[in-house]
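Coordinates as given in work17.cif (mmCIF, C-alpha atoms (C1' of nucleotides)):
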```cif
data_data
#
loop_
_atom_site.label_atom_id
_atom_site.label_comp_id
_atom_site.auth_asym_id
_atom_site.auth_seq_id
_atom_site.Cartn_x
_atom_site.Cartn_y
_atom_site.Cartn_z
CA MET K 1 -22.01 3.95 -23.92
CA LYS K 2 -22.97 7.43 -23.08
CA SER K 3 -24.88 8.14 -19.94
CA THR K 4 -24.15 5.21 -17.68
CA LYS K 5 -20.45 5.55 -18.05
CA THR K 6 -18.50 3.81 -15.38
CA PRO K 7 -16.60 6.61 -13.68
CA ALA K 8 -13.67 4.30 -13.02
CA SER K 9 -12.60 5.63 -9.67
CA PRO K 10 -8.93 5.01 -9.13
CA ARG K 11 -8.19 2.62 -6.35
CA PRO K 12 -4.95 1.03 -5.25
CA GLY K 13 -4.34 -2.20 -7.06
CA THR K 14 -6.38 -1.29 -10.09
CA LYS K 15 -4.99 0.05 -13.31
CA VAL K 16 -5.36 3.79 -13.16
CA ARG K 17 -5.01 6.41 -15.80
CA GLY K 18 -1.37 6.74 -16.64
CA SER K 19 -0.01 3.93 -14.54
CA ARG K 20 -0.33 0.19 -14.52
CA THR K 21 1.75 -0.47 -11.48
CA GLY K 22 -1.21 -0.15 -9.15
CA ARG K 23 0.89 1.61 -6.58
CA PRO K 24 -1.37 3.50 -4.18
CA ILE K 25 0.36 6.79 -4.72
CA MET K 26 -0.36 6.60 -8.45
CA ALA K 27 -4.02 5.91 -7.85
CA LEU K 28 -4.19 8.81 -5.44
CA LEU K 29 -2.33 11.16 -7.75
CA ASP K 30 -4.78 10.27 -10.48
CA LEU K 31 -7.75 10.75 -8.21
CA LEU K 32 -6.59 14.05 -6.75
CA GLY K 33 -5.63 15.33 -10.19
CA ARG K 34 -9.24 15.44 -11.32
CA ARG K 35 -10.75 18.83 -11.63
CA TRP K 36 -12.59 20.15 -8.57
CA LEU K 37 -11.82 17.12 -6.47
CA LEU K 38 -9.26 18.75 -4.21
CA ARG K 39 -11.48 21.77 -3.93
CA VAL K 40 -14.50 19.70 -2.95
CA LEU K 41 -12.50 17.87 -0.33
CA TRP K 42 -11.13 21.12 0.98
CA GLU K 43 -14.58 22.66 1.32
CA LEU K 44 -15.68 19.72 3.43
CA ARG K 45 -12.75 20.00 5.80
CA GLU K 46 -14.71 21.61 8.62
CA THR K 47 -18.44 21.33 8.27
CA PRO K 48 -20.68 18.92 6.33
CA ALA K 49 -22.61 20.26 3.38
CA THR K 50 -25.56 19.24 1.27
CA PHE K 51 -25.18 18.76 -2.45
CA ARG K 52 -26.46 22.23 -3.28
CA ASP K 53 -24.59 23.78 -0.41
CA LEU K 54 -21.40 22.23 -1.67
CA ARG K 55 -22.10 23.55 -5.11
CA GLU K 56 -22.24 27.08 -3.81
CA ARG K 57 -19.11 26.67 -1.74
CA CYS K 58 -17.33 25.59 -4.90
CA ASP K 59 -18.36 28.70 -6.82
CA GLY K 60 -21.18 26.98 -8.65
CA VAL K 61 -19.44 23.94 -10.05
CA SER K 62 -21.74 22.13 -12.44
CA PRO K 63 -23.80 19.38 -10.82
CA THR K 64 -22.57 16.95 -13.44
CA VAL K 65 -19.01 17.24 -12.29
CA LEU K 66 -19.86 17.51 -8.61
CA SER K 67 -21.92 14.36 -8.81
CA GLY K 68 -19.06 12.53 -10.49
CA ARG K 69 -16.46 13.72 -8.03
CA LEU K 70 -18.62 12.84 -5.04
CA ARG K 71 -19.12 9.37 -6.43
CA GLU K 72 -15.38 8.96 -6.84
CA LEU K 73 -14.77 10.23 -3.34
CA ARG K 74 -17.38 7.88 -1.95
CA ASP K 75 -16.03 4.93 -3.89
CA ALA K 76 -12.63 5.71 -2.43
CA GLY K 77 -14.09 5.80 1.07
CA ILE K 78 -13.05 9.41 1.54
CA VAL K 79 -16.43 11.04 1.97
CA ASP K 80 -19.84 9.76 2.97
CA LEU K 81 -23.43 10.96 2.86
CA ASP K 82 -25.69 10.93 5.87
CA GLU K 83 -28.53 13.03 7.25
CA SER K 84 -26.27 16.00 7.88
CA GLY K 85 -25.05 15.96 4.27
CA TYR K 86 -21.72 15.09 2.77
CA ARG K 87 -18.82 14.79 5.17
CA PRO K 88 -15.41 13.17 5.23
CA THR K 89 -15.12 9.69 6.62
CA PRO K 90 -12.50 9.14 9.33
CA HIS K 91 -10.10 8.11 6.58
CA GLY K 92 -11.04 11.14 4.54
CA ASP K 93 -10.46 13.30 7.55
CA ALA K 94 -6.95 11.91 7.80
CA LEU K 95 -6.39 12.83 4.17
CA VAL K 96 -7.62 16.35 4.79
CA ARG K 97 -5.21 16.66 7.68
CA ALA K 98 -2.45 15.34 5.43
CA LEU K 99 -3.16 18.29 3.17
CA GLY K 100 -2.40 20.71 6.00
CA PRO K 101 1.25 21.20 5.02
CA VAL K 102 0.16 21.82 1.45
CA HIS K 103 -2.12 24.59 2.65
CA ASP K 104 0.71 26.08 4.67
CA TRP K 105 2.88 26.01 1.58
CA ALA K 106 0.17 27.79 -0.40
CA VAL K 107 -0.02 30.54 2.20
CA ALA K 108 3.73 31.02 2.08
CA TRP K 109 3.52 31.03 -1.71
CA GLY K 110 0.94 33.79 -1.54
CA ARG K 111 3.19 35.83 0.68
CA ARG K 112 6.04 35.50 -1.78
CA VAL K 113 3.98 36.46 -4.80
CA ARG K 114 1.73 39.05 -3.28
CA PRO K 115 2.47 40.03 0.30
CA SER K 116 -0.47 40.60 2.63
CA SER K 117 -2.90 38.13 1.14
CA GLU K 118 -4.27 35.80 3.78
CA MET W 1 -5.13 32.33 -31.43
CA LYS W 2 -4.50 28.67 -31.34
CA SER W 3 -1.00 27.59 -30.62
CA THR W 4 0.33 30.42 -28.48
CA LYS W 5 -2.52 30.16 -26.04
CA THR W 6 -1.72 31.72 -22.72
CA PRO W 7 -1.96 28.82 -20.33
CA ALA W 8 -3.10 31.09 -17.53
CA SER W 9 -1.17 29.58 -14.69
CA PRO W 10 -2.96 30.11 -11.42
CA ARG W 11 -1.14 32.38 -9.05
CA PRO W 12 -2.15 33.81 -5.72
CA GLY W 13 -3.91 37.09 -6.15
CA THR W 14 -5.12 36.37 -9.64
CA LYS W 15 -8.54 35.12 -10.53
CA VAL W 16 -8.26 31.39 -10.88
CA ARG W 17 -10.61 28.84 -12.30
CA GLY W 18 -13.45 28.41 -9.91
CA SER W 19 -12.58 31.11 -7.45
CA ARG W 20 -12.34 34.86 -7.50
CA THR W 21 -11.10 35.37 -4.00
CA GLY W 22 -7.49 35.03 -5.01
CA ARG W 23 -6.69 33.13 -1.86
CA PRO W 24 -3.47 31.19 -2.32
CA ILE W 25 -5.01 27.88 -1.40
CA MET W 26 -7.57 28.29 -4.17
CA ALA W 27 -4.89 29.03 -6.73
CA LEU W 28 -2.92 26.01 -5.57
CA LEU W 29 -5.98 23.74 -5.55
CA ASP W 30 -6.65 24.82 -9.13
CA LEU W 31 -3.06 24.27 -10.18
CA LEU W 32 -2.70 20.88 -8.53
CA GLY W 33 -6.06 19.77 -9.91
CA ARG W 34 -4.79 19.81 -13.48
CA ARG W 35 -4.22 16.47 -15.04
CA TRP W 36 -0.72 15.01 -14.71
CA LEU W 37 0.57 17.92 -12.71
CA LEU W 38 0.81 16.13 -9.38
CA ARG W 39 2.28 13.14 -11.12
CA VAL W 40 4.94 15.23 -12.86
CA LEU W 41 5.88 16.90 -9.63
CA TRP W 42 6.03 13.55 -7.89
CA GLU W 43 8.33 12.07 -10.53
CA LEU W 44 10.75 14.95 -10.00
CA ARG W 45 10.90 14.48 -6.26
CA GLU W 46 14.28 12.79 -6.21
CA THR W 47 16.24 13.14 -9.43
CA PRO W 48 16.08 15.69 -12.25
CA ALA W 49 14.80 14.53 -15.62
CA THR W 50 14.90 15.68 -19.18
CA PHE W 51 11.70 16.34 -21.07
CA ARG W 52 11.74 12.97 -22.78
CA ASP W 53 12.85 11.23 -19.65
CA LEU W 54 9.99 12.77 -17.76
CA ARG W 55 7.59 11.64 -20.43
CA GLU W 56 8.65 8.04 -19.92
CA ARG W 57 8.45 8.31 -16.18
CA CYS W 58 4.89 9.49 -16.58
CA ASP W 59 3.90 6.51 -18.70
CA GLY W 60 4.12 8.37 -21.98
CA VAL W 61 2.05 11.44 -21.27
CA SER W 62 1.56 13.43 -24.43
CA PRO W 63 4.16 16.15 -24.99
CA THR W 64 1.43 18.72 -25.44
CA VAL W 65 0.20 18.28 -21.91
CA LEU W 66 3.63 17.81 -20.42
CA SER W 67 4.82 21.00 -22.03
CA GLY W 68 1.82 22.88 -20.68
CA ARG W 69 2.19 21.50 -17.18
CA LEU W 70 5.89 22.26 -17.09
CA ARG W 71 5.18 25.80 -18.16
CA GLU W 72 2.63 26.18 -15.38
CA LEU W 73 5.04 24.70 -12.87
CA ARG W 74 7.78 27.04 -14.03
CA ASP W 75 5.51 30.07 -13.96
CA ALA W 76 4.62 29.14 -10.42
CA GLY W 77 8.28 28.92 -9.49
CA ILE W 78 7.95 25.27 -8.55
CA VAL W 79 10.27 23.68 -11.08
CA ASP W 80 13.13 24.98 -13.15
CA LEU W 81 15.15 23.83 -16.13
CA ASP W 82 18.94 23.76 -16.14
CA GLU W 83 21.67 21.67 -17.71
CA SER W 84 20.73 18.61 -15.68
CA GLY W 85 17.12 18.80 -16.83
CA TYR W 86 13.94 19.68 -15.02
CA ARG W 87 14.14 19.82 -11.26
CA PRO W 88 12.20 21.38 -8.41
CA THR W 89 13.25 24.79 -7.19
CA PRO W 90 13.86 25.16 -3.46
CA HIS W 91 10.26 26.28 -3.14
CA GLY W 92 9.09 23.38 -5.23
CA ASP W 93 11.10 21.07 -3.08
CA ALA W 94 9.24 22.39 -0.06
CA LEU W 95 5.98 21.62 -1.81
CA VAL W 96 7.13 18.10 -2.57
CA ARG W 97 7.99 17.61 1.06
CA ALA W 98 4.57 18.98 1.99
CA LEU W 99 3.13 16.14 -0.05
CA GLY W 100 4.89 13.60 2.14
CA PRO W 101 1.93 13.05 4.47
CA VAL W 102 -0.30 12.61 1.44
CA HIS W 103 1.95 9.84 0.19
CA ASP W 104 1.86 8.22 3.59
CA TRP W 105 -1.91 8.36 3.50
CA ALA W 106 -1.92 6.73 0.07
CA VAL W 107 0.22 3.88 1.33
CA ALA W 108 -2.12 3.30 4.25
CA TRP W 109 -5.01 3.46 1.81
CA GLY W 110 -3.41 0.78 -0.30
CA ARG W 111 -3.00 -1.42 2.75
CA ARG W 112 -6.66 -1.06 3.59
CA VAL W 113 -7.87 -1.84 0.10
CA ARG W 114 -5.30 -4.41 -0.93
CA PRO W 115 -2.92 -5.55 1.77
CA SER W 116 0.70 -6.07 0.84
CA SER W 117 1.02 -3.49 -1.92
CA GLU W 118 4.07 -1.28 -1.48
"C1'" DG N 1 -56.40 18.33 -3.44
"C1'" DG N 2 -53.12 21.99 -4.17
"C1'" DG N 3 -48.91 25.14 -3.54
"C1'" DT N 4 -43.95 26.06 -2.21
"C1'" DG N 5 -39.85 24.58 -0.70
"C1'" DT N 6 -36.18 21.49 0.09
"C1'" DT N 7 -33.21 17.32 -1.25
"C1'" DG N 8 -29.85 14.51 -4.67
"C1'" DC N 9 -28.94 14.04 -9.16
"C1'" DT N 10 -29.30 13.45 -14.48
"C1'" DA N 11 -29.83 15.07 -19.79
"C1'" DC N 12 -28.27 17.66 -23.25
"C1'" DG N 13 -25.42 20.52 -26.45
"C1'" DG N 14 -21.52 23.28 -26.85
"C1'" DA N 15 -16.99 24.61 -25.09
"C1'" DA N 16 -12.67 23.47 -23.17
"C1'" DT N 17 -9.12 20.20 -22.37
"C1'" DG N 18 -6.37 15.95 -23.15
"C1'" DT N 19 -4.46 12.34 -26.46
"C1'" DG N 20 -1.39 10.48 -29.97
"C1'" DT N 21 1.62 10.81 -33.91
"C1'" DA N 22 4.49 13.33 -36.57
"C1'" DG N 23 7.99 16.42 -36.99
"C1'" DC N 24 10.50 20.97 -36.43
"C1'" DG N 25 14.90 23.52 -35.14
"C1'" DC N 26 18.80 23.04 -32.42
"C1'" DT N 27 23.36 21.06 -30.66
"C1'" DA N 28 26.70 17.73 -30.47
"C1'" DC N 29 29.63 13.75 -32.05
"C1'" DG N 30 31.95 11.11 -35.64
"C1'" DC B 1 27.82 14.28 -44.42
"C1'" DG B 2 24.76 10.99 -41.00
"C1'" DT B 3 23.01 10.05 -36.60
"C1'" DA B 4 21.47 10.94 -32.22
"C1'" DG B 5 19.99 13.46 -28.56
"C1'" DC B 6 17.50 17.69 -26.84
"C1'" DG B 7 12.96 20.83 -25.90
"C1'" DC B 8 8.94 21.55 -27.82
"C1'" DT B 9 5.01 22.42 -31.26
"C1'" DA B 10 1.08 21.22 -34.99
"C1'" DC B 11 -2.72 18.93 -36.03
"C1'" DA B 12 -6.83 16.05 -35.86
"C1'" DC B 13 -9.38 13.17 -32.94
"C1'" DA B 14 -11.31 11.72 -28.33
"C1'" DT B 15 -12.58 12.68 -23.81
"C1'" DT B 16 -13.96 15.59 -20.27
"C1'" DC B 17 -16.07 19.62 -18.48
"C1'" DC B 18 -19.46 23.36 -18.26
"C1'" DG B 19 -24.03 25.58 -17.86
"C1'" DT B 20 -28.81 25.34 -18.06
"C1'" DA B 21 -32.80 22.91 -17.47
"C1'" DG B 22 -35.33 19.73 -15.20
"C1'" DC B 23 -36.71 15.28 -12.86
"C1'" DA B 24 -38.42 12.35 -8.84
"C1'" DA B 25 -38.94 12.23 -4.00
"C1'" DC B 26 -39.83 14.22 0.27
"C1'" DA B 27 -41.58 17.70 3.51
"C1'" DC B 28 -44.52 21.41 5.23
"C1'" DC B 29 -48.64 24.16 5.26
"C1'" DC B 30 -53.47 25.18 3.68
#
```

Could you quickly redo this structure as structure tokens?
Amino acid sequence: MKSTKTPASPRPGTKVRGSRTGRPIMALLDLLGRRWLLRVLWELRETPATFRDLRERCDGVSPTVLSGRLRELRDAGIVDLDESGYRPTPHGDALVRALGPVHDWAVAWGRRVRPSSE
Amino acid sequence: MKSTKTPASPRPGTKVRGSRTGRPIMALLDLLGRRWLLRVLWELRETPATFRDLRERCDGVSPTVLSGRLRELRDAGIVDLDESGYRPTPHGDALVRALGPVHDWAVAWGRRVRPSSE
DNA sequence: GGGTGTTGCTACGGAATGTGTAGCGCTACG
DNA sequence: CGTAGCGCTACACATTCCGTAGCAACACCC
């Protein structure tokens, strides 16, 4: 019970960390709350990327974690791997678009805290 | 240097975990990627809650983590504590609303994976 | 047969973070 | 006084993450 640990990707209907209701939002909140996952998804929002490319985009995240997060994202049907590299699936693309308002909020947040940053 | 550790809440313009650009979206992605944080924010979306109440809503999250997350959320100006308990600030409320499309996506996700869940 | 370069991805040890139980100091009510 | 609520912390243990190194497979070129 060390290397081949089952990553236990949260999915709707399964018992996720911190919730046994199986409600989809809980599974998603658990999934998105894992370190680097939102960042990885964000970096894939426009162009596909290879594993190493993605690592650089994410400021050198360790391959251990990146590998785990990509597996979770693939298990959830959010990203996929083809010849062009990792890229969001159509469903994943919808999720990225759903994050648009969150990005807008972040920009407004930046303006409040430190005017004139992007 | 053990108990009074500075939690280092990510803020726009400051160097956050995994990014030195200081772009607001990076700070937010770091903040939201911390365990339980999204869940805590979600549980506060409608009604305020006391510390212990919030702990139960979050399936008994440990007070250590809840305390840390609430501090980060307060430092970020997202939640506040008054006589009625913890509640989102107006800015925090805007963030919660920005998460609306994400919730919708989660519901659709649940329908795909396991039809007839919420 | 080299070499040199990609690719995705794993092993390992140490550091950081999260978990769970107990309990503090405080305020109120009776 | 006792009891109950509050926010929150201490402490020891478990899990997760990080950073470096490196593997196996594939390609290209000589």

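Residue-level contacts from chain B to chain W at 10 Å, counting only C-alpha atoms (C1' of nucleotides), read DC6, DG7, DC8, DT9 and DA10 of chain B.
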
key: Residues matched by the PyMOL selection byres ((chain N) within 9 of (chain W)) as a PyMOL selection string   = chain N and resi 18-20

Give one line per residue of chain W that approaches chain K to at most 8 Å, naming the two atoms of the closest pair and their distance in Å to one decimal, counting all atoms listed in the file; sort by chain then ascending residue number and deliver it as JSON lines.
```
{"residue": "W:Arg11", "atom": "CA", "partner": "K:Val113", "partner_atom": "CA", "distance": 7.8}
{"residue": "W:Pro12", "atom": "CA", "partner": "K:Gly110", "partner_atom": "CA", "distance": 5.2}
{"residue": "W:Gly13", "atom": "CA", "partner": "K:Arg114", "partner_atom": "CA", "distance": 6.6}
{"residue": "W:Gly18", "atom": "CA", "partner": "K:Asp59", "partner_atom": "CA", "distance": 5.8}
{"residue": "W:Ser19", "atom": "CA", "partner": "K:Asp59", "partner_atom": "CA", "distance": 6.3}
{"residue": "W:Arg23", "atom": "CA", "partner": "K:Glu118", "partner_atom": "CA", "distance": 6.7}
{"residue": "W:Pro24", "atom": "CA", "partner": "K:Gly110", "partner_atom": "CA", "distance": 5.2}
{"residue": "W:Ile25", "atom": "CA", "partner": "K:Ala106", "partner_atom": "CA", "distance": 5.3}
{"residue": "W:Met26", "atom": "CA", "partner": "K:Arg39", "partner_atom": "CA", "distance": 7.6}
{"residue": "W:Leu28", "atom": "CA", "partner": "K:Ala106", "partner_atom": "CA", "distance": 6.3}
{"residue": "W:Leu29", "atom": "CA", "partner": "K:Arg39", "partner_atom": "CA", "distance": 6.1}
{"residue": "W:Asp30", "atom": "CA", "partner": "K:Trp36", "partner_atom": "CA", "distance": 7.6}
{"residue": "W:Leu32", "atom": "CA", "partner": "K:Gly33", "partner_atom": "CA", "distance": 6.5}
{"residue": "W:Gly33", "atom": "CA", "partner": "K:Gly33", "partner_atom": "CA", "distance": 4.5}
{"residue": "W:Arg34", "atom": "CA", "partner": "K:Gly33", "partner_atom": "CA", "distance": 5.6}
{"residue": "W:Arg35", "atom": "CA", "partner": "K:Gly33", "partner_atom": "CA", "distance": 5.2}
{"residue": "W:Trp36", "atom": "CA", "partner": "K:Gly33", "partner_atom": "CA", "distance": 6.7}
{"residue": "W:Leu37", "atom": "CA", "partner": "K:Gly33", "partner_atom": "CA", "distance": 7.2}
{"residue": "W:Leu38", "atom": "CA", "partner": "K:Leu29", "partner_atom": "CA", "distance": 6.1}
{"residue": "W:Arg39", "atom": "CA", "partner": "K:Leu29", "partner_atom": "CA", "distance": 6.0}
{"residue": "W:Cys58", "atom": "CA", "partner": "K:Gly18", "partner_atom": "CA", "distance": 6.8}
{"residue": "W:Asp59", "atom": "CA", "partner": "K:Gly18", "partner_atom": "CA", "distance": 5.7}
{"residue": "W:Gly60", "atom": "CA", "partner": "K:Gly18", "partner_atom": "CA", "distance": 7.8}
{"residue": "W:Val61", "atom": "CA", "partner": "K:Gly18", "partner_atom": "CA", "distance": 7.4}
{"residue": "W:Ala94", "atom": "CA", "partner": "K:Trp105", "partner_atom": "CA", "distance": 7.5}
{"residue": "W:Leu95", "atom": "CA", "partner": "K:Trp105", "partner_atom": "CA", "distance": 6.4}
{"residue": "W:Ala98", "atom": "CA", "partner": "K:Pro101", "partner_atom": "CA", "distance": 5.0}
{"residue": "W:Leu99", "atom": "CA", "partner": "K:Val102", "partner_atom": "CA", "distance": 6.6}
{"residue": "W:Pro101", "atom": "CA", "partner": "K:Ala98", "partner_atom": "CA", "distance": 5.0}
{"residue": "W:Val102", "atom": "CA", "partner": "K:Ala98", "partner_atom": "CA", "distance": 5.3}
{"residue": "W:His103", "atom": "CA", "partner": "K:Ile25", "partner_atom": "CA", "distance": 6.0}
{"residue": "W:Trp105", "atom": "CA", "partner": "K:Leu95", "partner_atom": "CA", "distance": 6.4}
{"residue": "W:Ala106", "atom": "CA", "partner": "K:Ile25", "partner_atom": "CA", "distance": 5.3}
{"residue": "W:Val107", "atom": "CA", "partner": "K:Pro24", "partner_atom": "CA", "distance": 5.7}
{"residue": "W:Trp109", "atom": "CA", "partner": "K:Pro24", "partner_atom": "CA", "distance": 7.0}
{"residue": "W:Gly110", "atom": "CA", "partner": "K:Pro24", "partner_atom": "CA", "distance": 5.2}
{"residue": "W:Val113", "atom": "CA", "partner": "K:Pro12", "partner_atom": "CA", "distance": 6.7}
{"residue": "W:Arg114", "atom": "CA", "partner": "K:Gly13", "partner_atom": "CA", "distance": 6.6}
{"residue": "W:Ser117", "atom": "CA", "partner": "K:Arg23", "partner_atom": "CA", "distance": 6.9}
{"residue": "W:Glu118", "atom": "CA", "partner": "K:Arg23", "partner_atom": "CA", "distance": 6.7}
```

Post-fit chain W coords, all in-order Cα pairs vs chain K, as a JSON list (two decimals) with C-alpha atoms, in the coordinates of the input:
```json
[["chain", "number", "residue", "atom", "x", "y", "z"],
["W", 1, "MET", "CA", -23.56, 3.73, -23.04],
["W", 2, "LYS", "CA", -23.79, 7.36, -22.31],
["W", 3, "SER", "CA", -25.30, 8.32, -19.03],
["W", 4, "THR", "CA", -24.45, 5.36, -16.82],
["W", 5, "LYS", "CA", -20.78, 5.58, -17.62],
["W", 6, "THR", "CA", -18.65, 3.86, -15.06],
["W", 7, "PRO", "CA", -16.54, 6.65, -13.67],
["W", 8, "ALA", "CA", -13.66, 4.29, -13.01],
["W", 9, "SER", "CA", -12.53, 5.61, -9.69],
["W", 10, "PRO", "CA", -8.85, 4.98, -9.18],
["W", 11, "ARG", "CA", -8.10, 2.56, -6.41],
["W", 12, "PRO", "CA", -4.87, 1.01, -5.28],
["W", 13, "GLY", "CA", -4.22, -2.20, -7.10],
["W", 14, "THR", "CA", -6.26, -1.29, -10.13],
["W", 15, "LYS", "CA", -4.88, 0.09, -13.33],
["W", 16, "VAL", "CA", -5.25, 3.82, -13.14],
["W", 17, "ARG", "CA", -4.92, 6.49, -15.75],
["W", 18, "GLY", "CA", -1.29, 6.89, -16.56],
["W", 19, "SER", "CA", 0.09, 4.06, -14.51],
["W", 20, "ARG", "CA", -0.17, 0.31, -14.53],
["W", 21, "THR", "CA", 1.86, -0.39, -11.46],
["W", 22, "GLY", "CA", -1.11, -0.10, -9.17],
["W", 23, "ARG", "CA", 0.96, 1.63, -6.55],
["W", 24, "PRO", "CA", -1.31, 3.51, -4.17],
["W", 25, "ILE", "CA", 0.42, 6.81, -4.68],
["W", 26, "MET", "CA", -0.25, 6.59, -8.41],
["W", 27, "ALA", "CA", -3.93, 5.90, -7.85],
["W", 28, "LEU", "CA", -4.13, 8.81, -5.43],
["W", 29, "LEU", "CA", -2.22, 11.16, -7.75],
["W", 30, "ASP", "CA", -4.69, 10.26, -10.49],
["W", 31, "LEU", "CA", -7.68, 10.76, -8.23],
["W", 32, "LEU", "CA", -6.51, 14.06, -6.79],
["W", 33, "GLY", "CA", -5.57, 15.32, -10.24],
["W", 34, "ARG", "CA", -9.18, 15.41, -11.38],
["W", 35, "ARG", "CA", -10.70, 18.80, -11.70],
["W", 36, "TRP", "CA", -12.52, 20.15, -8.64],
["W", 37, "LEU", "CA", -11.76, 17.12, -6.55],
["W", 38, "LEU", "CA", -9.21, 18.75, -4.27],
["W", 39, "ARG", "CA", -11.42, 21.78, -4.00],
["W", 40, "VAL", "CA", -14.46, 19.70, -3.02],
["W", 41, "LEU", "CA", -12.48, 17.86, -0.41],
["W", 42, "TRP", "CA", -11.11, 21.13, 0.91],
["W", 43, "GLU", "CA", -14.58, 22.66, 1.23],
["W", 44, "LEU", "CA", -15.67, 19.70, 3.34],
["W", 45, "ARG", "CA", -12.77, 20.00, 5.73],
["W", 46, "GLU", "CA", -14.73, 21.59, 8.54],
["W", 47, "THR", "CA", -18.49, 21.34, 8.15],
["W", 48, "PRO", "CA", -20.69, 18.92, 6.21],
["W", 49, "ALA", "CA", -22.59, 20.27, 3.22],
["W", 50, "THR", "CA", -25.51, 19.28, 1.10],
["W", 51, "PHE", "CA", -25.10, 18.79, -2.62],
["W", 52, "ARG", "CA", -26.42, 22.23, -3.45],
["W", 53, "ASP", "CA", -24.56, 23.80, -0.60],
["W", 54, "LEU", "CA", -21.36, 22.25, -1.82],
["W", 55, "ARG", "CA", -22.02, 23.56, -5.29],
["W", 56, "GLU", "CA", -22.18, 27.11, -3.96],
["W", 57, "ARG", "CA", -19.08, 26.67, -1.89],
["W", 58, "CYS", "CA", -17.28, 25.60, -5.02],
["W", 59, "ASP", "CA", -18.31, 28.70, -6.94],
["W", 60, "GLY", "CA", -21.10, 26.99, -8.83],
["W", 61, "VAL", "CA", -19.35, 23.94, -10.20],
["W", 62, "SER", "CA", -21.62, 22.11, -12.59],
["W", 63, "PRO", "CA", -23.68, 19.35, -10.98],
["W", 64, "THR", "CA", -22.45, 16.88, -13.55],
["W", 65, "VAL", "CA", -18.88, 17.19, -12.39],
["W", 66, "LEU", "CA", -19.75, 17.50, -8.74],
["W", 67, "SER", "CA", -21.82, 14.36, -8.91],
["W", 68, "GLY", "CA", -18.97, 12.50, -10.58],
["W", 69, "ARG", "CA", -16.38, 13.71, -8.12],
["W", 70, "LEU", "CA", -18.55, 12.85, -5.15],
["W", 71, "ARG", "CA", -19.05, 9.38, -6.53],
["W", 72, "GLU", "CA", -15.30, 8.94, -6.91],
["W", 73, "LEU", "CA", -14.72, 10.24, -3.41],
["W", 74, "ARG", "CA", -17.34, 7.89, -2.03],
["W", 75, "ASP", "CA", -15.98, 4.92, -3.95],
["W", 76, "ALA", "CA", -12.60, 5.71, -2.48],
["W", 77, "GLY", "CA", -14.06, 5.79, 1.01],
["W", 78, "ILE", "CA", -13.04, 9.40, 1.48],
["W", 79, "VAL", "CA", -16.42, 11.04, 1.89],
["W", 80, "ASP", "CA", -19.82, 9.76, 2.87],
["W", 81, "LEU", "CA", -23.39, 11.00, 2.74],
["W", 82, "ASP", "CA", -25.68, 10.97, 5.76],
["W", 83, "GLU", "CA", -28.54, 13.05, 7.10],
["W", 84, "SER", "CA", -26.29, 16.04, 7.71],
["W", 85, "GLY", "CA", -25.04, 16.00, 4.13],
["W", 86, "TYR", "CA", -21.69, 15.12, 2.64],
["W", 87, "ARG", "CA", -18.82, 14.81, 5.06],
["W", 88, "PRO", "CA", -15.41, 13.17, 5.15],
["W", 89, "THR", "CA", -15.13, 9.68, 6.55],
["W", 90, "PRO", "CA", -12.53, 9.13, 9.26],
["W", 91, "HIS", "CA", -10.13, 8.09, 6.53],
["W", 92, "GLY", "CA", -11.04, 11.11, 4.48],
["W", 93, "ASP", "CA", -10.48, 13.27, 7.49],
["W", 94, "ALA", "CA", -6.98, 11.86, 7.76],
["W", 95, "LEU", "CA", -6.40, 12.79, 4.14],
["W", 96, "VAL", "CA", -7.62, 16.31, 4.77],
["W", 97, "ARG", "CA", -5.24, 16.62, 7.66],
["W", 98, "ALA", "CA", -2.46, 15.29, 5.43],
["W", 99, "LEU", "CA", -3.16, 18.26, 3.19],
["W", 100, "GLY", "CA", -2.43, 20.65, 6.03],
["W", 101, "PRO", "CA", 1.23, 21.17, 5.10],
["W", 102, "VAL", "CA", 0.16, 21.81, 1.52],
["W", 103, "HIS", "CA", -2.13, 24.57, 2.69],
["W", 104, "ASP", "CA", 0.67, 26.04, 4.74],
["W", 105, "TRP", "CA", 2.86, 26.00, 1.68],
["W", 106, "ALA", "CA", 0.17, 27.78, -0.32],
["W", 107, "VAL", "CA", -0.06, 30.52, 2.29],
["W", 108, "ALA", "CA", 3.69, 31.03, 2.20],
["W", 109, "TRP", "CA", 3.48, 31.05, -1.58],
["W", 110, "GLY", "CA", 0.89, 33.78, -1.44],
["W", 111, "ARG", "CA", 3.12, 35.83, 0.83],
["W", 112, "ARG", "CA", 5.99, 35.53, -1.61],
["W", 113, "VAL", "CA", 3.95, 36.50, -4.63],
["W", 114, "ARG", "CA", 1.63, 39.04, -3.08],
["W", 115, "PRO", "CA", 2.38, 40.00, 0.50],
["W", 116, "SER", "CA", -0.54, 40.46, 2.85],
["W", 117, "SER", "CA", -2.98, 38.00, 1.33],
["W", 118, "GLU", "CA", -4.52, 35.70, 3.92]]
```

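A distance cut-off of 12 Å around (-27.3, 20.0, -27.1), counting only C-alpha atoms (C1' of nucleotides), selects these protein and nucleic acid residues: DA11, DC12, DG13, DG14 and DA15 of chain N; DG19, DT20 and DA21 of chain B.
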
What's around Leu81 in chain W at 10 Å? Count all atoms listed in the file, leave out sequence neighbours fewer than 6 positions away in its own chain, and write the answer as a compact mmCIF listing (two decimals) with C-alpha atoms, in the coordinates of the input.
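Below is the file that was written, part-v4.txt:
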```txt
# COMPACT_ATOMS: atom_id res chain seq x y z
CA PRO W 48 16.08 15.69 -12.25
CA ALA W 49 14.80 14.53 -15.62
CA THR W 50 14.90 15.68 -19.18
CA PHE W 51 11.70 16.34 -21.07
CA LEU W 70 5.89 22.26 -17.09
CA ARG W 74 7.78 27.04 -14.03
CA ARG W 87 14.14 19.82 -11.26
CA PRO W 88 12.20 21.38 -8.41
CA THR W 89 13.25 24.79 -7.19
```
